[in-house]
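Below is one structure, written out as structure tokens, with a few remarks after it.
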Amino acid sequence: MSRFRQITYHATSQTVDLGAGLLWDDVYQALDPLGVTVVGGQISGVGIAGLILGGGYSRKSNQYGLSIDNAIEYEVTINNQLLYYNSTLGSKPGAWFQITVEPFLPTYFDNSQGGAYPHVPSSTPLLPMNIQFAWALPSDDNVFIDGIKSVTKAIRQAALADCQDVGGSKEILYPNYALEDTPLEQMYGKNLPKLRRIRQEWDPNNIMCLCGGFKF
């Protein structure tokens, strides 16, 4: 996918064609001399395709919603045909962790155009929480992954003990922050059956399952 790296800005429509193999760094670097920008990734090294498919929180989300809300059209190639879609841990070497909450405005879902990631306008939208661990040794992988799950469970239990409403649609996890073994239902909710029907219709041979990421 790294060969899909085109960046074409259309001044009249104020849109930009982006190849799925780009990093957001590439996009910002190309658009900055033109005096324009996009609703894209917040940190360096993030690819555009994965971020958009997962929803896409951005520094511009307060004004314009998620990255996926600003995508006008997708061009997908399957079998050479083009398809278009509109719209204990601290003692480990090199270890550190942080928990951050991204403070978006309550209106940041108002620009929602739908999408795989469930996000609808709400008077009380949730703010994404990123539980981030880092460590040095591959032999510690399971220890830290279990730690992430334990911290997540503890935070949820504390919220329930505080009588906070964290049920229903508020249990949806942000795919770009989720662990690789996260059940699809926890990320895509009621959209999952439709996503599976789309996959079956357009990719009956499961070609896309040869790639990384979550499998439908």
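Here's how to read the names in the structure tokens: chain A, B, ... by the order shown, residue numbers from 1 in each chain, ligand numbers from 1 in the order shown.
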With a cut-off of 10 Å, could you pull out the residues of range 61-162 of chain A touching range 11-28 of chain A and give me the nearest pair of atoms for each, distance in Å to one decimal, using only C-alpha atoms, ordered by chain and ascending number, as a Markdown table?
```
| residue | atom | partner | partner_atom | distance |
| --- | --- | --- | --- | --- |
| A:Asn70 | CA | A:Thr15 | CA | 9.5 |
| A:Ala71 | CA | A:Thr15 | CA | 9.2 |
| A:Ile72 | CA | A:Thr15 | CA | 8.5 |
| A:Glu73 | CA | A:Asp17 | CA | 9.2 |
| A:Tyr74 | CA | A:Asp17 | CA | 9.5 |
| A:Glu75 | CA | A:Gly19 | CA | 9.5 |
| A:Val76 | CA | A:Ala20 | CA | 9.8 |
```
Can those selected residues be exported to a file as an mmCIF file, in the first residue's frame so that it contains C-alpha atoms?
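Everything below was put into part-v9.cif:
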```cif
data_model
loop_
_atom_site.group_PDB
_atom_site.id
_atom_site.type_symbol
_atom_site.label_atom_id
_atom_site.label_comp_id
_atom_site.auth_asym_id
_atom_site.auth_seq_id
_atom_site.Cartn_x
_atom_site.Cartn_y
_atom_site.Cartn_z
ATOM 1 C CA ASN A 70 -14.510 15.026 6.353
ATOM 2 C CA ALA A 71 -13.922 12.252 3.820
ATOM 3 C CA ILE A 72 -16.080 12.937 0.765
ATOM 4 C CA GLU A 73 -15.271 9.904 -1.344
ATOM 5 C CA TYR A 74 -13.261 6.680 -1.163
ATOM 6 C CA GLU A 75 -11.687 4.941 -4.123
ATOM 7 C CA VAL A 76 -11.190 1.221 -3.563
#
```
* Could you please write out, as a ChimeraX atom specification, every residue of range 2-215 of chain A that DSSP assigns to alpha helix (DSSP H)? => /A:24-31,48-53,61-64,141-161,185-188,192-202
Keeping only C-alpha atoms, write the selected residues to a file as an mmCIF file, in the first residue's frame.
```cif
data_model
loop_
_atom_site.group_PDB
_atom_site.id
_atom_site.type_symbol
_atom_site.label_atom_id
_atom_site.label_comp_id
_atom_site.auth_asym_id
_atom_site.auth_seq_id
_atom_site.Cartn_x
_atom_site.Cartn_y
_atom_site.Cartn_z
ATOM 1 C CA TRP A 24 -0.154 12.421 7.900
ATOM 2 C CA ASP A 25 3.343 13.923 8.137
ATOM 3 C CA ASP A 26 3.574 13.708 4.328
ATOM 4 C CA VAL A 27 0.192 15.358 3.916
ATOM 5 C CA TYR A 28 0.919 18.279 6.232
ATOM 6 C CA GLN A 29 4.302 18.874 4.606
ATOM 7 C CA ALA A 30 2.752 19.004 1.129
ATOM 8 C CA LEU A 31 -0.193 21.228 2.072
ATOM 9 C CA ILE A 48 -3.977 8.170 6.954
ATOM 10 C CA ALA A 49 -5.917 5.024 6.009
ATOM 11 C CA GLY A 50 -5.936 3.424 9.440
ATOM 12 C CA LEU A 51 -6.712 6.662 11.253
ATOM 13 C CA ILE A 52 -9.708 7.462 9.046
ATOM 14 C CA LEU A 53 -11.116 3.929 9.174
ATOM 15 C CA SER A 61 -12.030 17.885 15.744
ATOM 16 C CA ASN A 62 -13.576 20.624 17.886
ATOM 17 C CA GLN A 63 -14.291 22.627 14.735
ATOM 18 C CA TYR A 64 -14.822 19.931 12.109
ATOM 19 C CA ASP A 141 4.757 -8.201 26.274
ATOM 20 C CA ASN A 142 2.175 -10.299 28.095
ATOM 21 C CA VAL A 143 2.916 -8.646 31.430
ATOM 22 C CA PHE A 144 2.246 -5.178 30.082
ATOM 23 C CA ILE A 145 -0.754 -6.147 27.979
ATOM 24 C CA ASP A 146 -2.295 -7.698 31.086
ATOM 25 C CA GLY A 147 -1.437 -4.471 32.889
ATOM 26 C CA ILE A 148 -3.288 -2.394 30.304
ATOM 27 C CA LYS A 149 -6.352 -4.599 30.680
ATOM 28 C CA SER A 150 -6.181 -4.416 34.476
ATOM 29 C CA VAL A 151 -5.941 -0.619 34.464
ATOM 30 C CA THR A 152 -8.844 -0.371 32.009
ATOM 31 C CA LYS A 153 -10.980 -2.630 34.198
ATOM 32 C CA ALA A 154 -10.095 -0.654 37.332
ATOM 33 C CA ILE A 155 -11.047 2.662 35.694
ATOM 34 C CA ARG A 156 -14.378 1.253 34.568
ATOM 35 C CA GLN A 157 -15.120 -0.179 38.015
ATOM 36 C CA ALA A 158 -14.301 3.183 39.597
ATOM 37 C CA ALA A 159 -16.683 4.922 37.181
ATOM 38 C CA LEU A 160 -19.463 2.471 38.009
ATOM 39 C CA ALA A 161 -18.830 2.903 41.739
ATOM 40 C CA GLU A 185 -18.626 -5.543 18.874
ATOM 41 C CA GLN A 186 -16.885 -3.296 21.398
ATOM 42 C CA MET A 187 -15.614 -0.987 18.653
ATOM 43 C CA TYR A 188 -18.294 -1.010 15.968
ATOM 44 C CA LEU A 192 -20.951 -4.547 12.808
ATOM 45 C CA PRO A 193 -23.613 -6.605 10.943
ATOM 46 C CA LYS A 194 -23.698 -4.030 8.127
ATOM 47 C CA LEU A 195 -19.901 -3.962 7.912
ATOM 48 C CA ARG A 196 -19.847 -7.742 7.621
ATOM 49 C CA ARG A 197 -22.470 -7.645 4.855
ATOM 50 C CA ILE A 198 -20.372 -5.098 2.951
ATOM 51 C CA ARG A 199 -17.283 -7.253 3.347
ATOM 52 C CA GLN A 200 -19.141 -10.330 2.098
ATOM 53 C CA GLU A 201 -20.529 -8.460 -0.925
ATOM 54 C CA TRP A 202 -17.340 -6.747 -2.069
#
```
* All residues 9 Å or closer to range 96-113 of chain A, only C-alpha atoms, same chain fewer than 5 positions away omitted, as a ChimeraX atom specification -> /A:59,61-66,68-70,87,89-90,119-135
* Asked: If you measure from CA of Gly115 in chain A to CA of Tyr177 in chain A, what distance in Å do you get, rounded to one decimal?
  ->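 Computed distance, CA of Gly115 in chain A to CA of Tyr177 in chain A, equals 17.2 Å.
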* Suppose you want the space between CA of Ser67 in chain A and CA of Gly40 in chain A; what is it in Å? ->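 Between CA of Ser67 in chain A and CA of Gly40 in chain A the gap is 5.8 Å.
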* Point-to-point distance from CA of Gln6 in chain A to CA of Pro204 in chain A, Å rounded to tenths ->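 That distance, rounded to one decimal, is 28.4 Å.
In this comparison, which uses only C-alpha atoms, the residue of A:Ser58, A:Gly189, A:Cys209, A:Asp140 approaching Val46 in chain A most closely is A:Ser58.
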* Asked: Would you give me, as a PyMOL selection string, the residues in chain A that DSSP reads as strand (DSSP E)?
  -> chain A and resi 7-10+15-18+73-78+81-86+96-101+129-134
File of the preceding selection, C-alpha atoms, as a short mmCIF file (atom, residue, chain, number, x, y, z; two decimals), in the first residue's frame:
```cif
data_model
loop_
_atom_site.label_atom_id
_atom_site.label_comp_id
_atom_site.auth_asym_id
_atom_site.auth_seq_id
_atom_site.Cartn_x
_atom_site.Cartn_y
_atom_site.Cartn_z
CA ILE A 7 -1.43 14.20 -2.93
CA THR A 8 -3.56 16.39 -5.20
CA TYR A 9 -5.09 19.60 -3.87
CA HIS A 10 -8.18 21.02 -5.61
CA THR A 15 -10.56 19.13 -1.24
CA VAL A 16 -7.48 16.95 -1.49
CA ASP A 17 -6.95 13.50 -2.98
CA LEU A 18 -4.75 11.39 -0.71
CA GLU A 73 -15.27 9.90 -1.34
CA TYR A 74 -13.26 6.68 -1.16
CA GLU A 75 -11.69 4.94 -4.12
CA VAL A 76 -11.19 1.22 -3.56
CA THR A 77 -9.45 -1.18 -5.94
CA ILE A 78 -10.61 -4.81 -5.95
CA GLN A 81 -11.99 -2.57 -10.60
CA LEU A 82 -12.51 0.83 -9.00
CA LEU A 83 -15.35 1.20 -6.53
CA TYR A 84 -16.52 4.49 -5.07
CA TYR A 85 -18.13 5.08 -1.70
CA ASN A 86 -19.54 8.43 -0.63
CA TRP A 96 6.62 3.92 31.47
CA PHE A 97 2.91 4.53 31.15
CA GLN A 98 0.46 7.39 30.97
CA ILE A 99 -3.29 7.88 30.94
CA THR A 100 -4.58 10.86 28.99
CA VAL A 101 -8.06 12.19 28.30
CA MET A 129 -9.09 8.08 26.98
CA ASN A 130 -5.71 6.76 25.90
CA ILE A 131 -4.07 4.25 28.27
CA GLN A 132 -0.53 4.04 26.93
CA PHE A 133 2.21 1.68 28.11
CA ALA A 134 5.75 1.32 26.78
#
```
